[in-house]
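For reference, input14.txt (compact mmCIF, C-alpha atoms and all ligand atoms):
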# COMPACT_ATOMS: atom_id res chain seq x y z
CA MET A 1 -19.30 -36.11 -1.08
CA ILE A 2 -20.61 -38.83 -3.38
CA ILE A 3 -24.28 -39.73 -2.99
CA PRO A 4 -25.40 -42.88 -4.78
CA SER A 5 -28.90 -43.54 -6.09
CA ALA A 6 -31.22 -45.65 -3.88
CA GLN A 7 -33.44 -48.71 -4.34
CA ARG A 8 -35.92 -47.76 -1.67
CA ILE A 9 -36.74 -44.86 0.67
CA ARG A 10 -38.36 -45.79 3.98
CA GLY A 11 -38.44 -44.55 7.57
CA GLU A 12 -39.05 -41.61 9.86
CA ILE A 13 -37.28 -38.28 10.17
CA THR A 14 -37.48 -35.55 12.77
CA VAL A 15 -36.12 -32.44 11.08
CA PRO A 16 -34.16 -29.78 12.99
CA PRO A 17 -35.85 -26.82 14.70
CA ASP A 18 -36.95 -23.86 12.59
CA LYS A 19 -34.20 -21.43 11.63
CA SER A 20 -36.42 -18.35 11.13
CA ILE A 21 -38.18 -18.83 14.45
CA THR A 22 -34.93 -19.48 16.34
CA HIS A 23 -33.36 -16.24 15.03
CA ARG A 24 -36.47 -14.31 16.05
CA MET A 25 -36.68 -15.84 19.52
CA ILE A 26 -33.02 -14.95 20.21
CA PHE A 27 -33.61 -11.34 19.14
CA PHE A 28 -36.94 -11.01 20.99
CA ALA A 29 -35.45 -12.58 24.13
CA SER A 30 -32.62 -10.03 23.98
CA MET A 31 -35.23 -7.25 23.85
CA ALA A 32 -37.37 -8.67 26.68
CA ASP A 33 -37.58 -7.67 30.33
CA GLY A 34 -35.73 -10.53 32.04
CA LYS A 35 -34.52 -14.05 31.38
CA CYS A 36 -36.24 -15.98 28.55
CA GLU A 37 -36.25 -19.71 27.80
CA ILE A 38 -36.27 -20.97 24.22
CA GLU A 39 -36.93 -24.69 24.05
CA ASN A 40 -35.61 -26.71 21.08
CA PRO A 41 -33.62 -23.92 19.37
CA LEU A 42 -31.78 -24.61 16.11
CA ILE A 43 -28.08 -24.87 16.82
CA ALA A 44 -26.44 -24.32 13.44
CA ASP A 45 -23.97 -21.89 11.85
CA ASP A 46 -26.54 -19.18 11.04
CA THR A 47 -28.27 -19.13 14.42
CA SER A 48 -24.87 -19.16 16.18
CA ARG A 49 -24.14 -15.90 14.37
CA THR A 50 -27.29 -14.36 15.88
CA MET A 51 -26.28 -15.58 19.37
CA GLU A 52 -22.86 -13.98 18.91
CA LEU A 53 -24.45 -10.72 17.75
CA VAL A 54 -26.68 -10.34 20.82
CA LYS A 55 -23.82 -11.42 23.12
CA SER A 56 -21.59 -8.71 21.66
CA VAL A 57 -23.93 -6.00 23.04
CA GLY A 58 -24.54 -7.51 26.47
CA ALA A 59 -26.85 -10.54 26.25
CA VAL A 60 -25.98 -13.69 28.20
CA VAL A 61 -26.81 -16.80 26.19
CA SER A 62 -26.43 -20.35 27.47
CA LEU A 63 -27.64 -23.73 26.27
CA ASN A 64 -28.88 -26.03 29.03
CA GLY A 65 -29.89 -29.36 27.54
CA SER A 66 -32.53 -28.50 24.97
CA VAL A 67 -33.26 -25.02 26.39
CA LEU A 68 -31.51 -21.82 25.38
CA ASP A 69 -31.53 -19.21 28.15
CA VAL A 70 -31.21 -15.63 26.92
CA GLU A 71 -31.05 -12.54 29.09
CA MET A 72 -29.98 -9.03 28.21
CA LYS A 73 -27.77 -7.58 30.96
CA LYS A 74 -26.28 -4.10 30.74
CA VAL A 75 -26.14 -2.98 27.09
CA HIS A 76 -22.62 -2.09 25.93
CA GLU A 77 -20.91 -1.22 22.68
CA PRO A 78 -19.46 -4.23 20.82
CA SER A 79 -15.69 -4.39 21.35
CA SER A 80 -15.05 -5.29 17.69
CA PRO A 81 -16.92 -5.61 14.37
CA ILE A 82 -19.63 -8.31 14.44
CA PHE A 83 -19.23 -11.23 12.01
CA CYS A 84 -22.56 -12.36 10.48
CA GLY A 85 -21.03 -15.19 8.42
CA ASN A 86 -23.45 -16.35 5.71
CA SER A 87 -26.60 -15.27 7.55
CA GLY A 88 -28.90 -12.71 5.90
CA THR A 89 -31.41 -13.05 8.73
CA THR A 90 -28.79 -12.25 11.40
CA THR A 91 -27.71 -9.21 9.41
CA ARG A 92 -31.07 -7.74 8.44
CA ILE A 93 -32.94 -8.32 11.70
CA GLY A 94 -29.67 -7.50 13.50
CA LEU A 95 -29.58 -4.06 11.85
CA GLY A 96 -33.08 -3.39 13.21
CA PHE A 97 -32.08 -4.69 16.64
CA LEU A 98 -28.89 -2.60 16.82
CA SER A 99 -30.72 0.54 15.66
CA ARG A 100 -32.64 0.45 19.00
CA LEU A 101 -29.47 0.53 21.10
CA PRO A 102 -27.41 3.63 21.98
CA VAL A 103 -24.21 2.07 20.62
CA PHE A 104 -22.02 2.20 17.51
CA SER A 105 -21.56 -1.15 15.80
CA VAL A 106 -20.21 -2.57 12.54
CA LEU A 107 -21.49 -5.70 10.79
CA TYR A 108 -19.60 -7.72 8.19
CA GLY A 109 -20.06 -11.10 6.52
CA ASP A 110 -18.60 -13.74 4.23
CA GLU A 111 -18.23 -13.27 0.46
CA SER A 112 -21.83 -14.30 -0.35
CA LEU A 113 -23.39 -12.13 2.36
CA SER A 114 -21.21 -9.16 1.32
CA ARG A 115 -22.82 -9.30 -2.13
CA ARG A 116 -26.43 -9.39 -0.86
CA PRO A 117 -28.63 -6.25 -1.01
CA MET A 118 -29.02 -4.31 2.22
CA GLU A 119 -30.60 -1.05 1.00
CA ARG A 120 -33.99 -2.76 1.35
CA VAL A 121 -33.49 -2.69 5.12
CA ILE A 122 -31.36 0.45 5.43
CA GLU A 123 -34.03 2.64 3.82
CA PRO A 124 -36.91 1.80 6.21
CA LEU A 125 -34.61 1.71 9.26
CA SER A 126 -33.21 5.15 8.35
CA GLU A 127 -36.77 6.47 8.16
CA LEU A 128 -37.22 5.25 11.72
CA GLY A 129 -34.12 7.17 12.81
CA GLY A 130 -31.17 4.76 12.55
CA ILE A 131 -27.90 6.17 11.17
CA PHE A 132 -26.05 3.88 8.78
CA ASP A 133 -22.98 3.94 6.60
CA GLY A 134 -21.27 1.29 4.55
CA ARG A 135 -20.13 0.07 1.18
CA ASN A 136 -22.07 1.44 -1.83
CA HIS A 137 -23.97 3.94 0.35
CA ALA A 138 -24.77 1.20 2.87
CA SER A 139 -26.22 -1.11 0.22
CA ASN A 140 -23.66 -3.80 1.09
CA LEU A 141 -21.75 -5.03 4.14
CA PRO A 142 -19.68 -3.92 5.94
CA ILE A 143 -22.27 -1.55 7.41
CA SER A 144 -22.06 0.58 10.54
CA VAL A 145 -25.04 1.45 12.74
CA ARG A 146 -25.45 4.29 15.19
CA GLY A 147 -28.66 3.62 17.08
CA GLY A 148 -30.68 4.66 20.08
CA LYS A 149 -33.04 7.29 18.67
CA VAL A 150 -36.06 5.61 17.09
CA GLY A 151 -39.00 7.72 15.94
CA HIS A 152 -41.89 6.39 13.87
CA ALA A 153 -42.60 5.94 10.16
CA ASP A 154 -45.14 4.91 7.57
CA TYR A 155 -43.28 2.69 5.11
CA THR A 156 -44.29 0.71 2.00
CA SER A 157 -41.70 -1.87 0.99
CA LYS A 158 -41.03 -2.74 -2.65
CA VAL A 159 -40.10 -6.31 -1.68
CA SER A 160 -42.13 -8.97 0.13
CA SER A 161 -39.49 -9.92 2.66
CA ALA A 162 -40.02 -11.20 6.19
CA GLN A 163 -36.47 -10.19 7.08
CA VAL A 164 -37.10 -6.56 6.12
CA LYS A 165 -40.52 -6.59 7.80
CA THR A 166 -39.05 -8.00 11.01
CA ALA A 167 -36.15 -5.51 11.03
CA PHE A 168 -38.66 -2.65 10.76
CA VAL A 169 -40.93 -4.10 13.46
CA VAL A 170 -38.04 -4.72 15.87
CA SER A 171 -36.88 -1.12 15.53
CA ALA A 172 -40.41 0.41 15.57
CA LEU A 173 -41.22 -1.40 18.83
CA SER A 174 -38.90 1.04 20.58
CA GLY A 175 -40.23 4.06 18.62
CA ASP A 176 -41.97 7.20 19.91
CA ASP A 177 -45.35 6.52 18.25
CA ILE A 178 -47.25 3.98 16.12
CA SER A 179 -45.54 2.94 12.85
CA THR A 180 -47.02 1.31 9.74
CA TYR A 181 -45.43 -1.21 7.36
CA ARG A 182 -46.84 -2.55 4.07
CA GLU A 183 -45.52 -5.25 1.75
CA PRO A 184 -46.70 -6.20 -1.79
CA PHE A 185 -47.56 -9.85 -0.95
CA GLU A 186 -47.71 -11.44 2.48
CA SER A 187 -44.40 -12.95 3.63
CA ARG A 188 -43.87 -15.39 6.54
CA ASP A 189 -45.52 -14.06 9.69
CA HIS A 190 -43.63 -15.62 12.64
CA THR A 191 -42.87 -12.14 13.96
CA GLU A 192 -46.52 -11.03 13.91
CA GLN A 193 -47.70 -14.34 15.43
CA PHE A 194 -45.31 -13.90 18.34
CA LEU A 195 -45.87 -10.19 18.99
CA LYS A 196 -49.63 -10.11 18.68
CA ALA A 197 -49.81 -11.91 22.05
CA PHE A 198 -48.42 -8.71 23.63
CA GLY A 199 -50.78 -6.36 21.77
CA ALA A 200 -47.82 -4.84 19.92
CA ILE A 201 -49.08 -5.61 16.40
CA GLU A 202 -52.27 -5.10 14.49
CA LYS A 203 -52.49 -6.67 11.05
CA THR A 204 -54.95 -5.99 8.23
CA GLY A 205 -54.13 -7.75 4.98
CA ASN A 206 -50.52 -6.92 4.11
CA THR A 207 -50.43 -3.85 6.36
CA ILE A 208 -49.19 -3.96 9.93
CA LYS A 209 -49.30 -1.33 12.63
CA ILE A 210 -46.64 -1.47 15.31
CA ARG A 211 -47.30 0.01 18.72
CA PRO A 212 -44.16 0.88 20.76
CA SER A 213 -44.12 -1.93 23.37
CA ARG A 214 -41.97 -3.81 25.80
CA ILE A 215 -41.74 -7.58 25.63
CA PRO A 216 -42.17 -9.37 28.97
CA ALA A 217 -39.83 -12.28 29.78
CA PHE A 218 -41.18 -15.36 27.95
CA LYS A 219 -40.80 -19.09 27.37
CA SER A 220 -41.30 -20.50 23.87
CA ILE A 221 -40.87 -23.70 21.89
CA VAL A 222 -39.41 -23.88 18.39
CA VAL A 223 -41.19 -26.25 15.97
CA GLY A 224 -39.48 -28.32 13.22
CA ASP A 225 -38.29 -26.39 10.16
CA PHE A 226 -40.64 -26.77 7.19
CA SER A 227 -37.85 -25.66 4.85
CA SER A 228 -35.62 -28.51 6.07
CA ALA A 229 -38.54 -30.97 5.84
CA ALA A 230 -39.07 -29.85 2.23
CA PHE A 231 -36.00 -31.80 1.06
CA PHE A 232 -37.44 -35.04 2.45
CA ILE A 233 -40.89 -34.20 1.08
CA ALA A 234 -39.33 -33.88 -2.39
CA LEU A 235 -37.41 -37.14 -1.84
CA GLY A 236 -40.56 -39.04 -0.83
CA LEU A 237 -42.51 -37.79 -3.85
CA CYS A 238 -39.89 -38.04 -6.61
CA HIS A 239 -38.31 -41.39 -5.75
CA PRO A 240 -40.23 -44.24 -7.42
CA ASN A 241 -40.23 -46.49 -4.31
CA ALA A 242 -40.64 -44.23 -1.29
CA ARG A 243 -42.68 -43.80 1.86
CA LEU A 244 -41.48 -41.40 4.56
CA LYS A 245 -42.85 -40.00 7.78
CA ILE A 246 -41.55 -36.54 8.70
CA LYS A 247 -42.38 -35.71 12.30
CA LYS A 248 -43.25 -32.47 14.14
CA VAL A 249 -42.92 -30.16 11.15
CA GLY A 250 -43.91 -26.49 11.52
CA LEU A 251 -47.11 -25.87 9.54
CA ASN A 252 -47.54 -22.09 9.69
CA ASN A 253 -49.52 -21.40 6.50
CA THR A 254 -47.23 -18.53 5.47
CA ARG A 255 -44.46 -21.16 5.20
CA THR A 256 -46.23 -24.10 3.59
CA GLY A 257 -46.86 -22.75 0.07
CA PHE A 258 -44.77 -25.72 -1.18
CA LEU A 259 -47.41 -28.14 0.15
CA GLU A 260 -50.16 -26.29 -1.74
CA VAL A 261 -48.11 -26.37 -4.95
CA LEU A 262 -47.38 -30.09 -4.52
CA LYS A 263 -51.03 -30.91 -3.88
CA ARG A 264 -51.90 -29.18 -7.17
CA MET A 265 -49.24 -31.34 -8.83
CA GLY A 266 -51.02 -34.44 -7.53
CA ALA A 267 -48.74 -35.34 -4.61
CA HIS A 268 -49.70 -37.93 -1.98
CA ILE A 269 -49.15 -36.10 1.29
CA GLU A 270 -50.99 -36.92 4.49
CA ILE A 271 -50.94 -34.50 7.43
CA SER A 272 -51.72 -35.84 10.91
CA ASN A 273 -51.29 -35.16 14.64
CA VAL A 274 -51.59 -31.39 14.17
CA VAL A 275 -50.91 -29.47 17.38
CA GLN A 276 -51.27 -25.71 17.88
CA GLU A 277 -48.60 -24.41 20.26
CA PHE A 278 -46.83 -21.10 19.71
CA GLU A 279 -46.95 -22.17 16.07
CA PRO A 280 -48.82 -25.15 14.55
CA TYR A 281 -46.93 -28.37 13.80
CA GLY A 282 -47.76 -31.91 12.71
CA ASP A 283 -46.54 -35.11 11.05
CA LEU A 284 -46.36 -35.58 7.29
CA ILE A 285 -46.46 -38.86 5.40
CA VAL A 286 -45.25 -38.64 1.81
CA GLU A 287 -45.01 -41.37 -0.81
CA SER A 288 -44.01 -41.85 -4.44
CA SER A 289 -46.50 -39.93 -6.57
CA GLU A 290 -47.35 -39.41 -10.20
CA LEU A 291 -46.99 -35.66 -10.52
CA LYS A 292 -48.06 -33.24 -13.21
CA GLY A 293 -46.33 -29.98 -14.14
CA ILE A 294 -47.91 -26.69 -13.08
CA GLU A 295 -47.43 -22.93 -13.21
CA ILE A 296 -46.73 -20.95 -10.04
CA SER A 297 -48.09 -17.44 -9.60
CA PRO A 298 -45.91 -14.54 -8.32
CA LYS A 299 -48.21 -14.08 -5.30
CA GLU A 300 -47.35 -17.60 -4.09
CA ILE A 301 -43.59 -17.05 -4.20
CA PRO A 302 -43.10 -15.49 -0.71
CA LEU A 303 -44.97 -18.47 0.82
CA LEU A 304 -42.44 -20.94 -0.58
CA ILE A 305 -39.45 -18.69 -1.16
CA ASP A 306 -36.83 -21.17 0.12
CA GLU A 307 -38.55 -24.14 -1.56
CA VAL A 308 -38.75 -22.69 -5.10
CA PRO A 309 -35.52 -24.49 -6.17
CA LEU A 310 -37.14 -27.78 -5.11
CA VAL A 311 -40.15 -26.98 -7.32
CA GLY A 312 -37.66 -27.13 -10.20
CA LEU A 313 -36.45 -30.57 -9.10
CA VAL A 314 -39.96 -31.95 -8.55
CA GLY A 315 -40.93 -30.48 -11.94
CA ALA A 316 -38.22 -32.57 -13.62
CA PHE A 317 -39.99 -35.73 -12.34
CA ALA A 318 -43.53 -34.55 -13.22
CA LYS A 319 -45.49 -35.01 -16.41
CA GLY A 320 -45.53 -31.82 -18.51
CA LYS A 321 -43.90 -28.44 -17.93
CA THR A 322 -43.41 -26.63 -14.63
CA ILE A 323 -43.14 -22.85 -14.87
CA VAL A 324 -41.96 -20.48 -12.12
CA ARG A 325 -42.14 -16.70 -12.75
CA GLY A 326 -42.10 -13.64 -10.48
CA ALA A 327 -39.26 -15.14 -8.44
CA SER A 328 -36.40 -12.70 -9.14
CA GLU A 329 -35.84 -12.52 -5.33
CA LEU A 330 -34.15 -15.91 -5.68
CA ARG A 331 -31.22 -14.17 -7.35
CA THR A 332 -30.50 -12.33 -4.07
CA LYS A 333 -30.25 -15.39 -1.81
CA GLU A 334 -27.11 -17.16 -0.49
CA SER A 335 -26.39 -17.82 -4.18
CA ASP A 336 -28.26 -16.82 -7.35
CA ARG A 337 -30.75 -19.66 -6.93
CA ILE A 338 -32.32 -19.27 -10.38
CA SER A 339 -28.99 -19.79 -12.06
CA ALA A 340 -28.07 -22.53 -9.53
CA VAL A 341 -31.25 -24.54 -10.30
CA VAL A 342 -30.82 -24.12 -14.04
CA SER A 343 -27.17 -25.15 -14.03
CA MET A 344 -27.73 -28.12 -11.67
CA LEU A 345 -30.67 -29.56 -13.61
CA SER A 346 -29.19 -28.90 -17.04
CA GLY A 347 -25.87 -30.36 -15.82
CA MET A 348 -27.84 -33.55 -15.03
CA GLY A 349 -29.24 -33.55 -18.57
CA ALA A 350 -32.67 -31.93 -18.01
CA HIS A 351 -34.23 -29.39 -20.37
CA VAL A 352 -34.51 -26.15 -18.43
CA GLU A 353 -35.04 -22.62 -19.63
CA GLU A 354 -33.86 -19.65 -17.58
CA TYR A 355 -35.87 -16.41 -17.26
CA PRO A 356 -34.80 -13.22 -15.46
CA ASP A 357 -37.46 -14.00 -12.83
CA GLY A 358 -37.73 -17.79 -12.90
CA PHE A 359 -37.36 -20.95 -14.94
CA GLU A 360 -39.26 -23.54 -16.94
CA VAL A 361 -38.52 -27.25 -16.49
CA GLU A 362 -39.51 -30.00 -18.89
CA GLY A 363 -40.97 -33.01 -17.04
CA GLU A 364 -40.21 -36.78 -17.05
CA GLN A 365 -36.47 -36.23 -17.35
CA LYS A 366 -33.88 -38.96 -16.89
CA LEU A 367 -31.34 -37.20 -14.67
CA GLN A 368 -27.73 -38.30 -15.08
CA MET A 369 -24.95 -38.52 -12.48
CA SER A 370 -23.03 -35.25 -12.36
CA THR A 371 -20.87 -33.05 -10.14
CA VAL A 372 -22.55 -30.09 -8.45
CA ASP A 373 -20.77 -27.08 -7.00
CA PRO A 374 -23.37 -25.49 -4.69
CA LEU A 375 -21.29 -22.27 -4.60
CA GLY A 376 -21.53 -22.03 -0.82
CA ASP A 377 -25.32 -22.36 -0.74
CA HIS A 378 -26.60 -24.87 1.86
CA ARG A 379 -30.02 -25.34 0.23
CA ILE A 380 -28.51 -25.99 -3.20
CA ALA A 381 -26.20 -28.66 -1.70
CA MET A 382 -29.17 -30.43 -0.06
CA MET A 383 -31.25 -30.23 -3.23
CA ALA A 384 -28.37 -31.80 -5.20
CA ALA A 385 -28.26 -34.70 -2.72
CA ILE A 386 -32.01 -35.35 -3.15
CA ALA A 387 -31.69 -35.16 -6.95
CA GLY A 388 -28.86 -37.71 -6.81
CA VAL A 389 -30.75 -40.18 -4.58
CA CYS A 390 -33.86 -40.00 -6.80
CA ALA A 391 -31.90 -40.34 -10.04
CA ASN A 392 -28.44 -41.70 -10.72
CA GLY A 393 -26.27 -40.34 -7.95
CA VAL A 394 -24.38 -37.08 -7.57
CA GLU A 395 -21.03 -35.71 -6.44
CA ILE A 396 -21.34 -32.56 -4.30
CA LYS A 397 -18.43 -30.20 -3.73
CA ASN A 398 -18.04 -28.55 -0.31
CA SER A 399 -21.02 -30.49 1.04
CA GLU A 400 -20.15 -29.50 4.64
CA ILE A 401 -21.98 -26.18 4.09
CA VAL A 402 -25.25 -27.90 5.02
CA SER A 403 -24.24 -26.99 8.60
CA ILE A 404 -25.56 -23.47 7.91
CA SER A 405 -29.14 -24.68 8.51
CA TYR A 406 -29.15 -28.50 8.85
CA PRO A 407 -25.96 -29.93 10.40
CA SER A 408 -27.29 -33.53 10.52
CA PHE A 409 -28.71 -33.55 6.97
CA PHE A 410 -26.48 -36.30 5.55
CA GLU A 411 -26.92 -38.56 8.62
CA ASP A 412 -30.71 -38.18 8.37
CA LEU A 413 -30.57 -38.90 4.64
CA LYS A 414 -28.47 -42.06 5.19
CA ARG A 415 -31.03 -43.41 7.67
CA VAL A 416 -33.88 -43.46 5.13
CA VAL A 417 -31.96 -44.54 2.04
CA LEU A 418 -32.09 -48.33 1.64
C1 LIG B 501 -36.31 -15.48 6.22
C2 LIG B 501 -36.99 -14.92 5.19
C3 LIG B 501 -36.73 -15.21 3.77
C4 LIG B 501 -35.97 -16.52 3.61
C5 LIG B 501 -34.82 -16.65 4.57
C6 LIG B 501 -35.29 -16.51 6.01
C7 LIG B 501 -36.63 -15.03 7.59
O1 LIG B 501 -35.95 -14.17 3.23
O2 LIG B 501 -35.50 -16.65 2.29
O3 LIG B 501 -34.21 -17.92 4.39
O4 LIG B 501 -36.23 -15.69 8.56
O5 LIG B 501 -37.28 -14.00 7.72
P1 LIG B 501 -36.69 -12.85 2.69
O6 LIG B 501 -37.60 -12.42 3.76
O7 LIG B 501 -35.63 -11.82 2.45
O8 LIG B 501 -37.38 -13.28 1.43

Represent the structure of the file as structure tokens.
Ligand code: S3P
Amino acid sequence: MIIPSAQRIRGEITVPPDKSITHRMIFFASMADGKCEIENPLIADDTSRTMELVKSVGAVVSLNGSVLDVEMKKVHEPSSPIFCGNSGTTTRIGLGFLSRLPVFSVLYGDESLSRRPMERVIEPLSELGGIFDGRNHASNLPISVRGGKVGHADYTSKVSSAQVKTAFVVSALSGDDISTYREPFESRDHTEQFLKAFGAIEKTGNTIKIRPSRIPAFKSIVVGDFSSAAFFIALGLCHPNARLKIKKVGLNNTRTGFLEVLKRMGAHIEISNVVQEFEPYGDLIVESSELKGIEISPKEIPLLIDEVPLVGLVGAFAKGKTIVRGASELRTKESDRISAVVSMLSGMGAHVEEYPDGFEVEGEQKLQMSTVDPLGDHRIAMMAAIAGVCANGVEIKNSEIVSISYPSFFEDLKRVVL
């Protein structure tokens, strides 16, 4: 796809529903006692993989207008290996979910997912009683799970990962006693926010205690995805003639670290109409801003993990240097996102330095037209499009991969580019 540069950016966007929350609601609904209703779920490649996973063990899932009905019927063994596509969240939370069930199952994924580390989830889930096998001692897919006998554990994770935390919580909920989980820095807390309503979770700092609990049938609403909104936030700030309204965006403060970073950079962002439902959401107005480069601390990284590549892009338009360190987790995402950011920006002519755990971008760069291969990574493809619109255009290979999280991304982009 060829994306030209733009004269002006104006208009309103309603971004798609949150991917993380949709995955969780499908899993929780499949663990609940009775039929659950999930309003405004994200229908995209990754969340479809989670729907297929729960269906393969007995859940009935149907979309009625904007409501997804999910009900677990009689649990049965999957009739064939379960394909998780490109979705790390389906796989990792799915491993926790399957470890609760008295069935044997096998998970496999695409090339990118097959490279991603799974020992981070296999170790804590094994401590809880799950039995796993797979490639490289179950460090990589394909992985088999034999579940049904969950005990309890006290586990301290080396990584700050909401996927690992959620996998542990999901399994521990069906344990035989209270379990404890600790992470180095706080990661997104959608799971805790949802489960605390049922008294299943107690949280103190970065430590959570999980009480074995049942989940009653529930109805929930999924808010707009902050990580999808982030592309339009970057567009509104970096383009020299822009004003955009982004409506009904999820504002959970364990997701909005990017907003805090941008405010420190001097961004004009107005937040209004904030509503607290299951999760808080509100409208954002962003406009062209004179930004200054900043340094990001390792503690902030989990709060903007999926937006760190965009910090690199915004940094290229700011005055002075932008430095990101303590972000080696980015190398384990759908692609190696440190190397992807460095090669995209340097391919456009920017001065970027690569570190094992981050990058440093020189500001006030004149980005040139170039061709970007996002290497199968949806967020890198969307970032390339925003870079192209703000600068001198871009050609993106295999751009259709945006359907992993944001199927209507290019249509939404076209509507605001004038
Ligand atoms: C997610 C957590 C993050 C994030 C991913 C979705 C989740 O991964 O990068 O896109 O839904 O829990 P980690 O928790 O592994 O950092």

Contacts to ligand LIG 501 (chain B) at 9 Å cut-off (all atoms listed in the file) as a VMD selection string:
chain A and resid 19 to 24 87 to 90 92 to 93 159 to 166 187 to 191 227 302 304 to 307 329 to 330 332 to 334

Any chance you could export the current selection's C-alpha atoms as an mmCIF file, keeping the file's coordinate frame?
data_model
loop_
_atom_site.group_PDB
_atom_site.id
_atom_site.type_symbol
_atom_site.label_atom_id
_atom_site.label_comp_id
_atom_site.auth_asym_id
_atom_site.auth_seq_id
_atom_site.Cartn_x
_atom_site.Cartn_y
_atom_site.Cartn_z
ATOM 1 C CA LYS A 19 -34.200 -21.430 11.630
ATOM 2 C CA SER A 20 -36.420 -18.350 11.130
ATOM 3 C CA ILE A 21 -38.180 -18.830 14.450
ATOM 4 C CA THR A 22 -34.930 -19.480 16.340
ATOM 5 C CA HIS A 23 -33.360 -16.240 15.030
ATOM 6 C CA ARG A 24 -36.470 -14.310 16.050
ATOM 7 C CA SER A 87 -26.600 -15.270 7.550
ATOM 8 C CA GLY A 88 -28.900 -12.710 5.900
ATOM 9 C CA THR A 89 -31.410 -13.050 8.730
ATOM 10 C CA THR A 90 -28.790 -12.250 11.400
ATOM 11 C CA ARG A 92 -31.070 -7.740 8.440
ATOM 12 C CA ILE A 93 -32.940 -8.320 11.700
ATOM 13 C CA VAL A 159 -40.100 -6.310 -1.680
ATOM 14 C CA SER A 160 -42.130 -8.970 0.130
ATOM 15 C CA SER A 161 -39.490 -9.920 2.660
ATOM 16 C CA ALA A 162 -40.020 -11.200 6.190
ATOM 17 C CA GLN A 163 -36.470 -10.190 7.080
ATOM 18 C CA VAL A 164 -37.100 -6.560 6.120
ATOM 19 C CA LYS A 165 -40.520 -6.590 7.800
ATOM 20 C CA THR A 166 -39.050 -8.000 11.010
ATOM 21 C CA SER A 187 -44.400 -12.950 3.630
ATOM 22 C CA ARG A 188 -43.870 -15.390 6.540
ATOM 23 C CA ASP A 189 -45.520 -14.060 9.690
ATOM 24 C CA HIS A 190 -43.630 -15.620 12.640
ATOM 25 C CA THR A 191 -42.870 -12.140 13.960
ATOM 26 C CA SER A 227 -37.850 -25.660 4.850
ATOM 27 C CA PRO A 302 -43.100 -15.490 -0.710
ATOM 28 C CA LEU A 304 -42.440 -20.940 -0.580
ATOM 29 C CA ILE A 305 -39.450 -18.690 -1.160
ATOM 30 C CA ASP A 306 -36.830 -21.170 0.120
ATOM 31 C CA GLU A 307 -38.550 -24.140 -1.560
ATOM 32 C CA GLU A 329 -35.840 -12.520 -5.330
ATOM 33 C CA LEU A 330 -34.150 -15.910 -5.680
ATOM 34 C CA THR A 332 -30.500 -12.330 -4.070
ATOM 35 C CA LYS A 333 -30.250 -15.390 -1.810
ATOM 36 C CA GLU A 334 -27.110 -17.160 -0.490
#

Do a neighbour search on Arg214 in chain A at 9 Å with all atoms listed in the file, toss out local chain neighbours closer than 4 positions, and write the hits as a VMD selection string.
chain A and resid 31 to 33 173 to 174 198 200

Counting all atoms listed in the file, which residue out of A:Glu202, A:Glu300, A:Asp154, A:Glu127 sits closest to Glu186 in chain A?
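The answer is A:Glu300, which sits nearest to Glu186 in chain A.
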
Would you mind reading off the distance between CA of Cys238 in chain A and CA of Ile269 in chain A, one decimal, in Å?
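About the pair CA of Cys238 in chain A and CA of Ile269 in chain A: they are 12.3 Å apart.
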
Counting all atoms listed in the file, which residue out of A:Asp377, A:Glu287, A:Asp412, A:Glu295 sits closest to Glu360 in chain A?
A:Glu295

Could you name the residues that touch range 67-70 of chain A at 10 Å or less, counting all atoms listed in the file, but leaving out those on the same chain fewer than 2 positions away, as JSON, numbers by chain?
{"A": [22, 25, 26, 27, 28, 29, 30, 31, 32, 34, 35, 36, 37, 38, 39, 40, 41, 42, 43, 51, 54, 55, 59, 60, 61, 62, 63, 64, 65, 72, 73, 217, 219, 220, 221]}

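You can rank A:Met1, A:Leu235, A:Leu375, A:Ala350 by their closest distance to Ser112 in chain A using all atoms listed in the file, and at the top of that list sits A:Leu375.
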
List every residue of range 197-245 of chain A that has an atom at most 10 Å from any atom of range 257-264 of chain A, giving for each one its closest atom pair and the distance in Å to one decimal, counting all atoms listed in the file, sorted by chain and then by ascending residue number, as JSON lines.
{"residue": "A:Phe226", "atom": "CA", "partner": "A:Phe258", "partner_atom": "CA", "distance": 9.4}
{"residue": "A:Ser227", "atom": "CA", "partner": "A:Phe258", "partner_atom": "CA", "distance": 9.2}
{"residue": "A:Ala230", "atom": "CA", "partner": "A:Phe258", "partner_atom": "CA", "distance": 7.8}
{"residue": "A:Ile233", "atom": "CA", "partner": "A:Leu259", "partner_atom": "CA", "distance": 8.9}
{"residue": "A:Ala234", "atom": "CA", "partner": "A:Leu262", "partner_atom": "CA", "distance": 9.1}
{"residue": "A:Leu237", "atom": "CA", "partner": "A:Leu262", "partner_atom": "CA", "distance": 9.1}

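Among the candidate residues A:Gln276, A:Thr322, A:Thr156, A:Ser335, the one lying nearest to Ile294 in chain A is A:Thr322, with distances computed using only C-alpha atoms.
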
In terms of the shortest atom-to-atom distance over all atoms listed in the file, which of A:Pro142, A:Pro4, A:Gly250, A:Gly266 is closest to Ala229 in chain A?
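With all atoms listed in the file as the atom set, the closest residue is A:Gly250.
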
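Atom pair CA of Lys248 in chain A / CA of Tyr281 in chain A has a distance of 5.5 Å (rounded to one decimal).
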
Might you pull out every residue within 8 Å of Arg115 in chain A, with all atoms listed in the file counted and same-chain residues fewer than 3 positions away left off, and present them as a compact mmCIF listing (two decimals) with C-alpha atoms, in the frame of the given file?
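Here's the written file around.txt:
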# COMPACT_ATOMS: atom_id res chain seq x y z
CA GLU A 111 -18.23 -13.27 0.46
CA SER A 112 -21.83 -14.30 -0.35
CA ASN A 140 -23.66 -3.80 1.09
CA LEU A 141 -21.75 -5.03 4.14
